[in-house]
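S.K.: What follows is data_0.txt, compact mmCIF, C-alpha atoms.
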```txt
# COMPACT_ATOMS: atom_id res chain seq x y z
CA MET F 1 87.16 114.77 118.27
CA ILE F 2 90.06 112.46 119.09
CA CYS F 3 92.96 112.33 116.64
CA SER F 4 93.62 108.82 115.28
CA TYR F 5 97.37 109.33 115.66
CA CYS F 6 98.18 111.24 118.86
CA GLN F 7 94.90 110.20 120.53
CA LYS F 8 94.33 113.78 121.73
CA ASP F 9 91.35 116.05 121.30
CA GLY F 10 91.95 118.81 118.77
CA ARG F 11 90.93 120.50 115.54
CA MET F 12 90.62 117.84 112.86
CA THR F 13 91.92 118.29 109.31
CA GLY F 14 91.67 116.31 106.08
CA GLU F 15 94.50 113.82 105.59
CA HIS F 16 94.95 112.47 102.05
CA ILE F 17 95.14 108.69 101.97
CA ILE F 18 97.62 108.92 99.10
CA PRO F 19 99.82 112.00 99.78
CA GLN F 20 98.84 115.01 97.67
CA ALA F 21 102.42 115.38 96.45
CA LEU F 22 102.26 111.92 94.86
CA LEU F 23 98.93 112.69 93.22
CA ASP F 24 100.53 115.80 91.74
CA MET F 25 103.46 113.75 90.40
CA PHE F 26 101.09 111.37 88.62
CA PRO F 27 98.05 113.46 87.63
CA GLU F 28 97.29 110.94 84.87
CA CYS F 29 96.13 108.60 87.65
CA ASP F 30 92.71 110.25 87.96
CA PHE F 31 91.31 107.29 89.83
CA ASN F 32 92.55 104.20 91.54
CA ILE F 33 91.40 100.71 92.40
CA ARG F 34 91.37 98.85 95.68
CA TYR F 35 91.01 95.10 95.87
CA ASP F 36 89.42 93.48 98.90
CA LYS F 37 86.35 91.29 98.87
CA GLU F 38 85.28 93.39 95.92
CA ILE F 39 86.88 95.80 93.49
CA LYS F 40 86.36 99.44 94.43
CA TYR F 41 87.17 102.43 92.24
CA PHE F 42 87.82 105.82 93.75
CA LYS F 43 88.91 109.30 92.70
CA SER F 44 92.38 109.51 94.17
CA GLU F 45 92.54 113.26 94.80
CA ASN F 46 89.21 113.37 96.65
CA ILE F 47 89.82 110.61 99.16
CA VAL F 48 90.66 112.10 102.55
CA ILE F 49 90.01 111.09 106.13
CA ASN F 50 89.01 113.75 108.63
CA ASP F 51 90.24 112.21 111.87
CA VAL F 52 93.77 113.67 112.08
CA CYS F 53 94.56 116.76 114.14
CA ASP F 54 96.25 119.81 112.66
CA ASN F 55 99.56 119.20 114.47
CA CYS F 56 99.88 115.56 113.41
CA ASN F 57 98.76 116.23 109.85
CA ASN F 58 100.66 119.40 109.04
CA VAL F 59 103.78 118.92 111.17
CA ILE F 60 104.71 115.33 112.05
CA LEU F 61 103.06 113.43 109.20
CA SER F 62 103.92 116.21 106.78
CA GLU F 63 107.61 115.52 107.45
CA LEU F 64 107.08 111.87 106.52
CA ASP F 65 105.20 112.83 103.35
CA SER F 66 107.99 115.24 102.36
CA TYR F 67 110.56 112.47 102.76
CA GLY F 68 108.58 109.76 100.95
CA SER F 69 107.44 112.03 98.14
CA GLY F 70 111.00 113.26 97.70
CA MET F 71 112.21 109.68 97.28
CA VAL F 72 109.52 108.99 94.69
CA ARG F 73 110.31 112.21 92.83
CA ASP F 74 114.05 111.48 92.77
CA TYR F 75 113.91 107.78 91.86
CA PHE F 76 110.47 106.48 90.92
CA VAL F 77 108.99 108.98 88.49
CA ASN F 78 111.59 107.60 86.07
CA THR F 79 110.89 104.42 84.12
CA TYR F 80 113.32 101.52 84.07
CA GLU F 81 114.27 98.75 81.68
CA ALA F 82 114.22 95.02 82.34
CA GLU F 83 117.83 94.64 83.48
CA ASP F 84 118.19 97.93 85.32
CA LYS F 85 119.24 97.98 88.95
CA LEU F 86 118.96 100.92 91.31
CA VAL F 87 121.12 101.68 94.33
CA LEU F 88 118.43 103.21 96.54
CA PRO F 89 119.57 105.39 99.46
CA TYR F 90 117.10 105.53 102.31
CA ASN F 91 116.49 106.57 105.88
CA TYR F 92 114.90 103.47 107.33
CA SER F 93 113.04 105.25 110.12
CA LEU F 94 111.45 107.87 107.87
CA LEU F 95 110.66 105.41 105.08
CA SER F 96 109.15 102.68 107.25
CA ARG F 97 107.10 105.21 109.26
CA TRP F 98 105.82 106.79 106.04
CA LEU F 99 104.75 103.44 104.61
CA LEU F 100 103.05 102.47 107.88
CA LYS F 101 101.24 105.82 107.93
CA ILE F 102 99.79 105.24 104.47
CA MET F 103 98.81 101.70 105.40
CA PHE F 104 97.13 102.93 108.59
CA ASN F 105 95.17 105.50 106.58
CA ILE F 106 93.95 102.83 104.17
CA ALA F 107 93.11 100.43 107.02
CA ARG F 108 90.85 103.04 108.64
CA THR F 109 88.89 103.53 105.43
CA LYS F 110 88.37 99.78 105.20
CA LYS F 111 87.08 99.81 108.79
CA SER F 112 88.71 96.48 109.49
CA GLU F 113 89.23 96.06 113.21
CA ILE F 114 92.05 93.54 112.76
CA GLN F 115 93.96 95.70 110.32
CA THR F 116 93.40 98.95 112.21
CA THR F 117 94.44 97.43 115.55
CA SER F 118 97.62 96.13 113.94
CA PHE F 119 98.81 99.72 113.56
CA GLU F 120 97.61 101.20 116.82
CA SER F 121 100.49 99.70 118.81
CA ASN F 122 102.87 101.33 116.30
CA LEU F 123 101.46 104.85 116.56
CA ASP F 124 104.32 106.08 118.75
CA TYR F 125 106.77 104.75 116.16
CA ILE F 126 104.92 106.40 113.25
CA LEU F 127 104.93 109.71 115.16
CA GLY F 128 108.65 109.39 115.93
CA ARG F 129 108.21 109.07 119.69
CA THR F 130 110.06 105.74 119.76
CA GLU F 131 113.04 104.53 117.74
CA THR F 132 111.72 101.02 117.14
CA SER F 133 108.32 99.70 116.21
CA ALA F 134 106.26 97.89 118.83
CA MET F 135 105.49 95.11 116.36
CA PRO F 136 108.29 93.58 114.27
CA ILE F 137 108.18 94.78 110.67
CA SER F 138 110.09 94.01 107.47
CA VAL F 139 110.36 96.30 104.45
CA PHE F 140 111.39 95.12 100.98
CA GLY F 141 111.90 97.13 97.79
CA GLY F 142 111.72 96.42 94.06
CA LEU F 143 111.23 98.09 90.69
CA SER F 144 108.01 98.04 88.71
CA VAL F 145 108.96 97.64 85.04
CA ASP F 146 106.38 97.34 82.27
CA MET F 147 107.15 94.21 80.22
CA THR F 148 103.78 94.12 78.43
CA PRO F 149 103.09 94.81 74.72
CA LEU F 150 100.07 97.06 75.39
CA PRO F 151 99.97 100.71 76.54
CA GLU F 152 99.42 101.23 80.24
CA PHE F 153 96.13 103.08 79.79
CA PHE F 154 94.59 99.80 78.61
CA PHE F 155 94.90 98.61 82.20
CA ASP F 156 93.70 101.67 84.17
CA ASN F 157 97.18 103.21 84.48
CA MET F 158 97.63 102.26 88.12
CA LYS F 159 100.91 103.93 89.04
CA LEU F 160 99.69 104.46 92.61
CA GLY F 161 98.27 101.63 94.64
CA VAL F 162 98.09 100.05 98.09
CA PHE F 163 96.98 96.43 98.48
CA PHE F 164 96.67 94.52 101.73
CA ASN F 165 97.58 90.86 101.97
CA PRO F 166 98.98 90.38 98.46
CA ILE F 167 99.24 86.88 97.02
CA PHE F 168 102.70 85.35 97.40
CA VAL F 169 102.89 82.72 94.67
CA LYS F 170 104.45 79.40 95.60
CA GLY F 171 106.16 78.17 92.45
CA SER F 172 105.28 80.42 89.50
CA LEU F 173 102.40 82.01 87.61
CA ILE F 174 103.63 80.48 84.34
CA GLU F 175 104.75 76.88 83.90
CA LEU F 176 106.79 75.13 81.23
CA VAL F 177 104.81 72.26 79.68
CA ASN F 178 107.05 71.25 76.77
CA PRO F 179 110.78 72.07 77.08
CA LEU F 180 111.55 70.76 73.57
CA GLU F 181 109.03 73.08 71.94
CA ASN F 182 109.46 75.86 74.51
CA GLU F 183 105.75 75.76 75.33
CA PHE F 184 104.34 77.56 78.37
CA ARG F 185 100.94 77.98 79.97
CA VAL F 186 99.37 79.73 82.91
CA ASN F 187 99.75 77.66 86.06
CA LYS F 188 96.12 77.00 87.01
CA GLU F 189 97.04 74.94 90.08
CA LYS F 190 99.38 77.45 91.69
CA GLU F 191 99.62 77.49 95.49
CA ASN F 192 99.98 80.48 97.78
CA MET F 193 103.03 80.77 100.01
CA GLU F 194 102.41 81.01 103.75
CA PHE F 195 104.87 82.59 106.19
CA LYS F 196 104.93 81.61 109.84
CA LYS F 197 103.81 84.27 112.30
CA LEU F 198 102.97 86.80 109.58
CA LEU F 199 100.15 89.00 110.86
CA LEU F 200 99.62 91.40 107.98
CA SER F 201 101.28 92.25 104.67
CA CYS F 202 100.92 95.01 102.12
CA VAL F 203 102.33 95.91 98.71
CA LEU F 204 102.57 99.59 97.77
CA ARG F 205 103.39 100.99 94.35
CA PHE F 206 104.49 104.58 93.75
CA GLY F 207 105.43 105.03 90.10
CA SER F 208 108.21 102.57 89.38
CA GLY F 209 108.85 101.94 93.09
CA MET F 210 107.49 98.82 94.77
CA PHE F 211 107.49 98.22 98.52
CA LEU F 212 106.49 95.15 100.49
CA VAL F 213 105.72 95.73 104.17
CA LEU F 214 105.22 92.77 106.49
CA LEU F 215 103.98 93.03 110.08
CA TRP F 216 104.85 90.03 112.22
CA GLU F 217 103.21 88.68 115.34
CA GLU F 218 104.74 90.09 118.51
CA GLU F 219 106.02 86.72 119.72
CA ILE F 220 108.19 86.10 116.64
CA THR F 221 111.85 85.83 117.66
CA PRO F 222 114.62 87.80 115.91
CA THR F 223 115.98 84.52 114.54
CA GLU F 224 112.60 83.49 113.16
CA LYS F 225 112.12 86.90 111.58
CA GLN F 226 115.55 86.82 109.96
CA THR F 227 114.84 83.33 108.61
CA MET F 228 111.60 84.53 107.02
CA GLU F 229 113.33 87.58 105.55
CA ARG F 230 116.07 85.44 104.02
CA LEU F 231 113.44 83.10 102.60
CA ILE F 232 111.56 85.98 100.96
CA GLU F 233 114.76 87.43 99.48
CA HIS F 234 115.71 83.98 98.18
CA LEU F 235 112.33 83.24 96.60
CA TYR F 236 111.14 86.64 95.40
CA PRO F 237 112.75 89.48 93.39
CA TYR F 238 112.64 91.93 96.30
CA ALA F 239 115.53 93.28 98.39
CA LEU F 240 115.32 93.70 102.16
CA LEU F 241 115.74 97.27 103.36
CA LYS F 242 117.69 96.80 106.57
CA SER F 243 117.28 99.17 109.49
CA ASP F 244 121.04 99.53 109.97
CA PHE F 245 121.83 100.17 106.28
CA GLU F 246 121.69 103.45 104.33
CA ASN F 247 121.17 102.00 100.85
CA THR F 248 120.43 98.78 99.02
CA THR F 249 120.27 97.63 95.40
CA ILE F 250 116.81 96.90 94.09
CA LYS F 251 115.85 95.30 90.77
CA ARG F 252 112.83 94.47 88.66
CA SER F 253 110.08 92.69 90.59
CA THR F 254 107.38 92.52 87.89
CA HIS F 255 106.86 90.72 84.60
CA ALA F 256 104.31 90.88 81.78
CA TYR F 257 101.63 89.03 83.75
CA ASN F 258 101.70 90.76 87.12
CA TYR F 259 102.78 94.29 86.18
CA HIS F 260 99.14 95.42 86.10
CA HIS F 261 98.22 93.08 88.96
CA TYR F 262 101.00 93.79 91.39
CA TYR F 263 99.08 92.38 94.32
CA ILE F 264 100.33 89.06 92.88
CA ILE F 265 103.93 88.57 94.03
CA ASP F 266 105.58 86.05 91.72
CA THR F 267 108.84 84.27 92.48
CA SER F 268 112.19 85.06 90.88
CA ALA F 269 111.92 81.76 89.03
CA GLY F 270 108.43 82.75 87.90
CA LEU F 271 109.73 86.09 86.63
CA SER F 272 112.41 84.34 84.58
CA MET F 273 109.87 81.90 83.17
CA ALA F 274 107.42 84.68 82.31
CA ASP F 275 110.14 86.50 80.40
CA GLN F 276 110.81 83.39 78.32
CA THR F 277 107.22 83.37 77.04
CA ASN F 278 107.77 86.73 75.30
CA SER F 279 104.20 87.65 76.32
CA PHE F 280 103.06 84.75 74.12
CA LEU F 281 104.08 86.75 71.05
CA PRO F 282 106.21 85.51 68.14
CA THR F 283 109.88 85.67 69.07
CA ARG F 284 110.53 88.24 66.34
CA ASN F 285 108.41 90.75 68.29
CA ASN F 286 109.73 92.69 71.26
CA PRO F 287 106.79 93.33 73.65
CA SER F 288 108.39 96.41 75.21
CA GLU F 289 109.13 97.99 71.84
CA LEU F 290 105.56 97.33 70.68
CA ARG F 291 104.26 99.05 73.80
CA LYS F 292 106.54 102.04 73.41
CA THR F 293 105.54 102.50 69.77
CA SER F 294 101.83 102.45 70.57
CA SER F 295 102.27 104.70 73.64
CA VAL F 296 103.82 107.75 71.96
CA GLU F 297 100.69 109.91 72.03
CA TRP F 298 99.78 108.76 75.52
CA ASP F 299 103.26 109.57 76.81
CA GLN F 300 103.01 113.03 75.30
CA HIS F 301 99.63 113.47 76.99
CA VAL F 302 101.09 112.39 80.35
CA THR F 303 104.03 114.78 79.99
CA LYS F 304 101.65 117.67 79.30
CA LEU F 305 99.44 116.75 82.25
CA ARG F 306 102.41 116.69 84.60
CA GLU F 307 103.72 120.02 83.32
CA ASN F 308 100.30 121.62 83.77
CA ARG F 309 99.92 120.25 87.30
CA ALA F 310 103.40 121.47 88.27
CA SER F 311 102.61 124.91 86.83
CA LYS F 312 99.29 125.02 88.69
CA ARG F 313 100.90 124.16 92.03
CA GLN F 314 103.64 126.75 91.51
CA LYS F 315 101.04 129.45 90.85
CA GLU F 316 99.21 128.43 94.03
CA ARG F 317 102.44 128.69 96.03
CA ASP F 318 103.16 132.11 94.53
CA ARG F 319 99.69 133.36 95.47
CA LYS F 320 100.06 132.08 99.04
CA ARG F 321 103.46 133.76 99.32
CA LYS F 322 102.04 137.08 98.08
CA ARG F 323 99.15 136.92 100.53
CA LYS F 324 101.53 136.14 103.36
CA ASN F 325 103.85 139.01 102.46
CA LYS F 326 100.88 141.35 102.19
CA LYS F 327 99.73 140.44 105.71
CA VAL F 328 103.22 141.04 107.08
CA LYS F 329 103.37 144.51 105.51
CA ASN F 330 99.97 145.44 106.91
```
Could you write out this structure as structure tokens?
M.R.:
Amino acid sequence: MICSYCQKDGRMTGEHIIPQALLDMFPECDFNIRYDKEIKYFKSENIVINDVCDNCNNVILSELDSYGSGMVRDYFVNTYEAEDKLVLPYNYSLLSRWLLKIMFNIARTKKSEIQTTSFESNLDYILGRTETSAMPISVFGGLSVDMTPLPEFFFDNMKLGVFFNPIFVKGSLIELVNPLENEFRVNKEKENMEFKKLLLSCVLRFGSGMFLVLLWEEEITPTEKQTMERLIEHLYPYALLKSDFENTTIKRSTHAYNYHHYYIIDTSAGLSMADQTNSFLPTRNNPSELRKTSSVEWDQHVTKLRENRASKRQKERDRKRKRKNKKVKN
């Protein structure tokens, strides 16, 4: 069988669509949801694709998973408050290749020829054979912060998710209808933002980390790409992760109405307006405090789950080490 990455014949292995290390960090996410033409639920831990050779899976791609999972463990298992900002250090090559790898895995399960072909020209970049991607890409980062009054388990607890072609709102999800009375409503006539020469986009959430990845058409010029990147940074609460930088400051990119629907990318103005609505609660109520109060038992449950999963994986590593040492002695 031919490996989907190196395009060579070899022994195939099972590659997790969502890296196993991330599933272990968030064991409370027993299942996940994918939006396309229909909503599909799937058991996260059981979804693998068997078209990746042993060398690609356990050597090259494993290095990318180690890097990406390490970043999530260090920065995105934590929760953040509304005004928090994070100076995020990153290795652009490893991070962008890791994100593209996950996107490529998802694209193959969707069996979309357009989406799959979009990554095939970037395979050498994902595998580290070239220093630059064949197709121009842009990577943005943000923080996912829960601003809602209800516990997360009410909304399927989706701390891990990958969504192709998210909706970029033009304007805002919420609109002000009466400034004197401070009245707001959902914007039912919202338009979607279109970006010139954008081929494919994706939003990925790992815990409190949000990443936007945009693949541009090959003929886009550097000037055109930079103009689009500046426009996105100006309109949306996401920071560009530049290839020649080692860190950037990211901030909250969600509000009460798109936190659980993060395939909807609202503008910075929309985020500010959403905050002013106070989740349509009386001003004396703090939505975040209400959520925290009602989430105490759930949070304890999540902590216990994570401790048990970490203990289980450590025991597995200990057993493997003992078996290996036993073989060496024999």
S.K.: Closest to Asn157 in chain F among F:Lys312, F:Arg205, F:Lys225, F:Lys304, using all atoms listed in the file?
M.R.: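 Closest to Asn157 in chain F of all the choices is F:Arg205.
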S.K.: Quick check, in Å to one decimal: how far apart do CA of Arg108 in chain F and CA of Ser253 in chain F lie?
M.R.: 28.3 Å
S.K.: In file coordinates, which residues lie within 12 Å of (103.3, 89.9, 72.1) using only C-alpha atoms, given as a list in words?
M.R.: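 In the file's frame, the residues around the point are Met147, Thr148, Pro149, Leu150, Ala256, Tyr257, Asp275, Gln276, Thr277, Asn278, Ser279, Phe280, Leu281, Pro282, Thr283, Arg284, Asn285, Asn286, Pro287, Ser288, Glu289, Leu290 and Arg291 of chain F.
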S.K.: Using C-alpha atoms, can you export the residues from the last selection as a PDB file, in the coordinates of the input?
M.R.:
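Dumped to selection_4.pdb:
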```
ATOM      1  CA  MET F 147     107.150  94.210  80.220  1.00  0.00           C
ATOM      2  CA  THR F 148     103.780  94.120  78.430  1.00  0.00           C
ATOM      3  CA  PRO F 149     103.090  94.810  74.720  1.00  0.00           C
ATOM      4  CA  LEU F 150     100.070  97.060  75.390  1.00  0.00           C
ATOM      5  CA  ALA F 256     104.310  90.880  81.780  1.00  0.00           C
ATOM      6  CA  TYR F 257     101.630  89.030  83.750  1.00  0.00           C
ATOM      7  CA  ASP F 275     110.140  86.500  80.400  1.00  0.00           C
ATOM      8  CA  GLN F 276     110.810  83.390  78.320  1.00  0.00           C
ATOM      9  CA  THR F 277     107.220  83.370  77.040  1.00  0.00           C
ATOM     10  CA  ASN F 278     107.770  86.730  75.300  1.00  0.00           C
ATOM     11  CA  SER F 279     104.200  87.650  76.320  1.00  0.00           C
ATOM     12  CA  PHE F 280     103.060  84.750  74.120  1.00  0.00           C
ATOM     13  CA  LEU F 281     104.080  86.750  71.050  1.00  0.00           C
ATOM     14  CA  PRO F 282     106.210  85.510  68.140  1.00  0.00           C
ATOM     15  CA  THR F 283     109.880  85.670  69.070  1.00  0.00           C
ATOM     16  CA  ARG F 284     110.530  88.240  66.340  1.00  0.00           C
ATOM     17  CA  ASN F 285     108.410  90.750  68.290  1.00  0.00           C
ATOM     18  CA  ASN F 286     109.730  92.690  71.260  1.00  0.00           C
ATOM     19  CA  PRO F 287     106.790  93.330  73.650  1.00  0.00           C
ATOM     20  CA  SER F 288     108.390  96.410  75.210  1.00  0.00           C
ATOM     21  CA  GLU F 289     109.130  97.990  71.840  1.00  0.00           C
ATOM     22  CA  LEU F 290     105.560  97.330  70.680  1.00  0.00           C
ATOM     23  CA  ARG F 291     104.260  99.050  73.800  1.00  0.00           C
TER      24      ARG F 291
END
```
S.K.: Would you list the residues near (104.4, 93.7, 86.4), meaning any protein, DNA or RNA residue with an atom at most 12 Å from that point in file coordinates, counting all atoms listed in the file, as an MDAnalysis selection string?
M.R.: chainID F and resid 82 142:149 152 155 158:159 173 205 207:210 237 252:266 270:271 274:275 279
S.K.: Which of these, F:Leu176, F:Val203, F:Cys56, F:Leu61, has the shortest distance to Arg97 in chain F once you count all atoms listed in the file?
M.R.: F:Leu61
S.K.: Enter the distance from CA of Leu95 in chain F to CA of Asp51 in chain F, in Å, rounded to one decimal.
M.R.: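 CA of Asp51 in chain F lies at a distance of 22.6 Å from CA of Leu95 in chain F.
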S.K.: For a test of reading the model, state the distance in Å between CA of Phe245 in chain F and CA of Glu229 in chain F, rounded to one decimal.
M.R.: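 Separating CA of Phe245 in chain F from CA of Glu229 in chain F is a distance of 15.2 Å.
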S.K.: Identify which of the residues F:Cys53, F:Leu23, F:Val162, F:Ala310 lies closest to Cys6 in chain F, counting only C-alpha atoms when measuring atom-to-atom distances.
M.R.: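 Of all the options, F:Cys53 lies closest to Cys6 in chain F.
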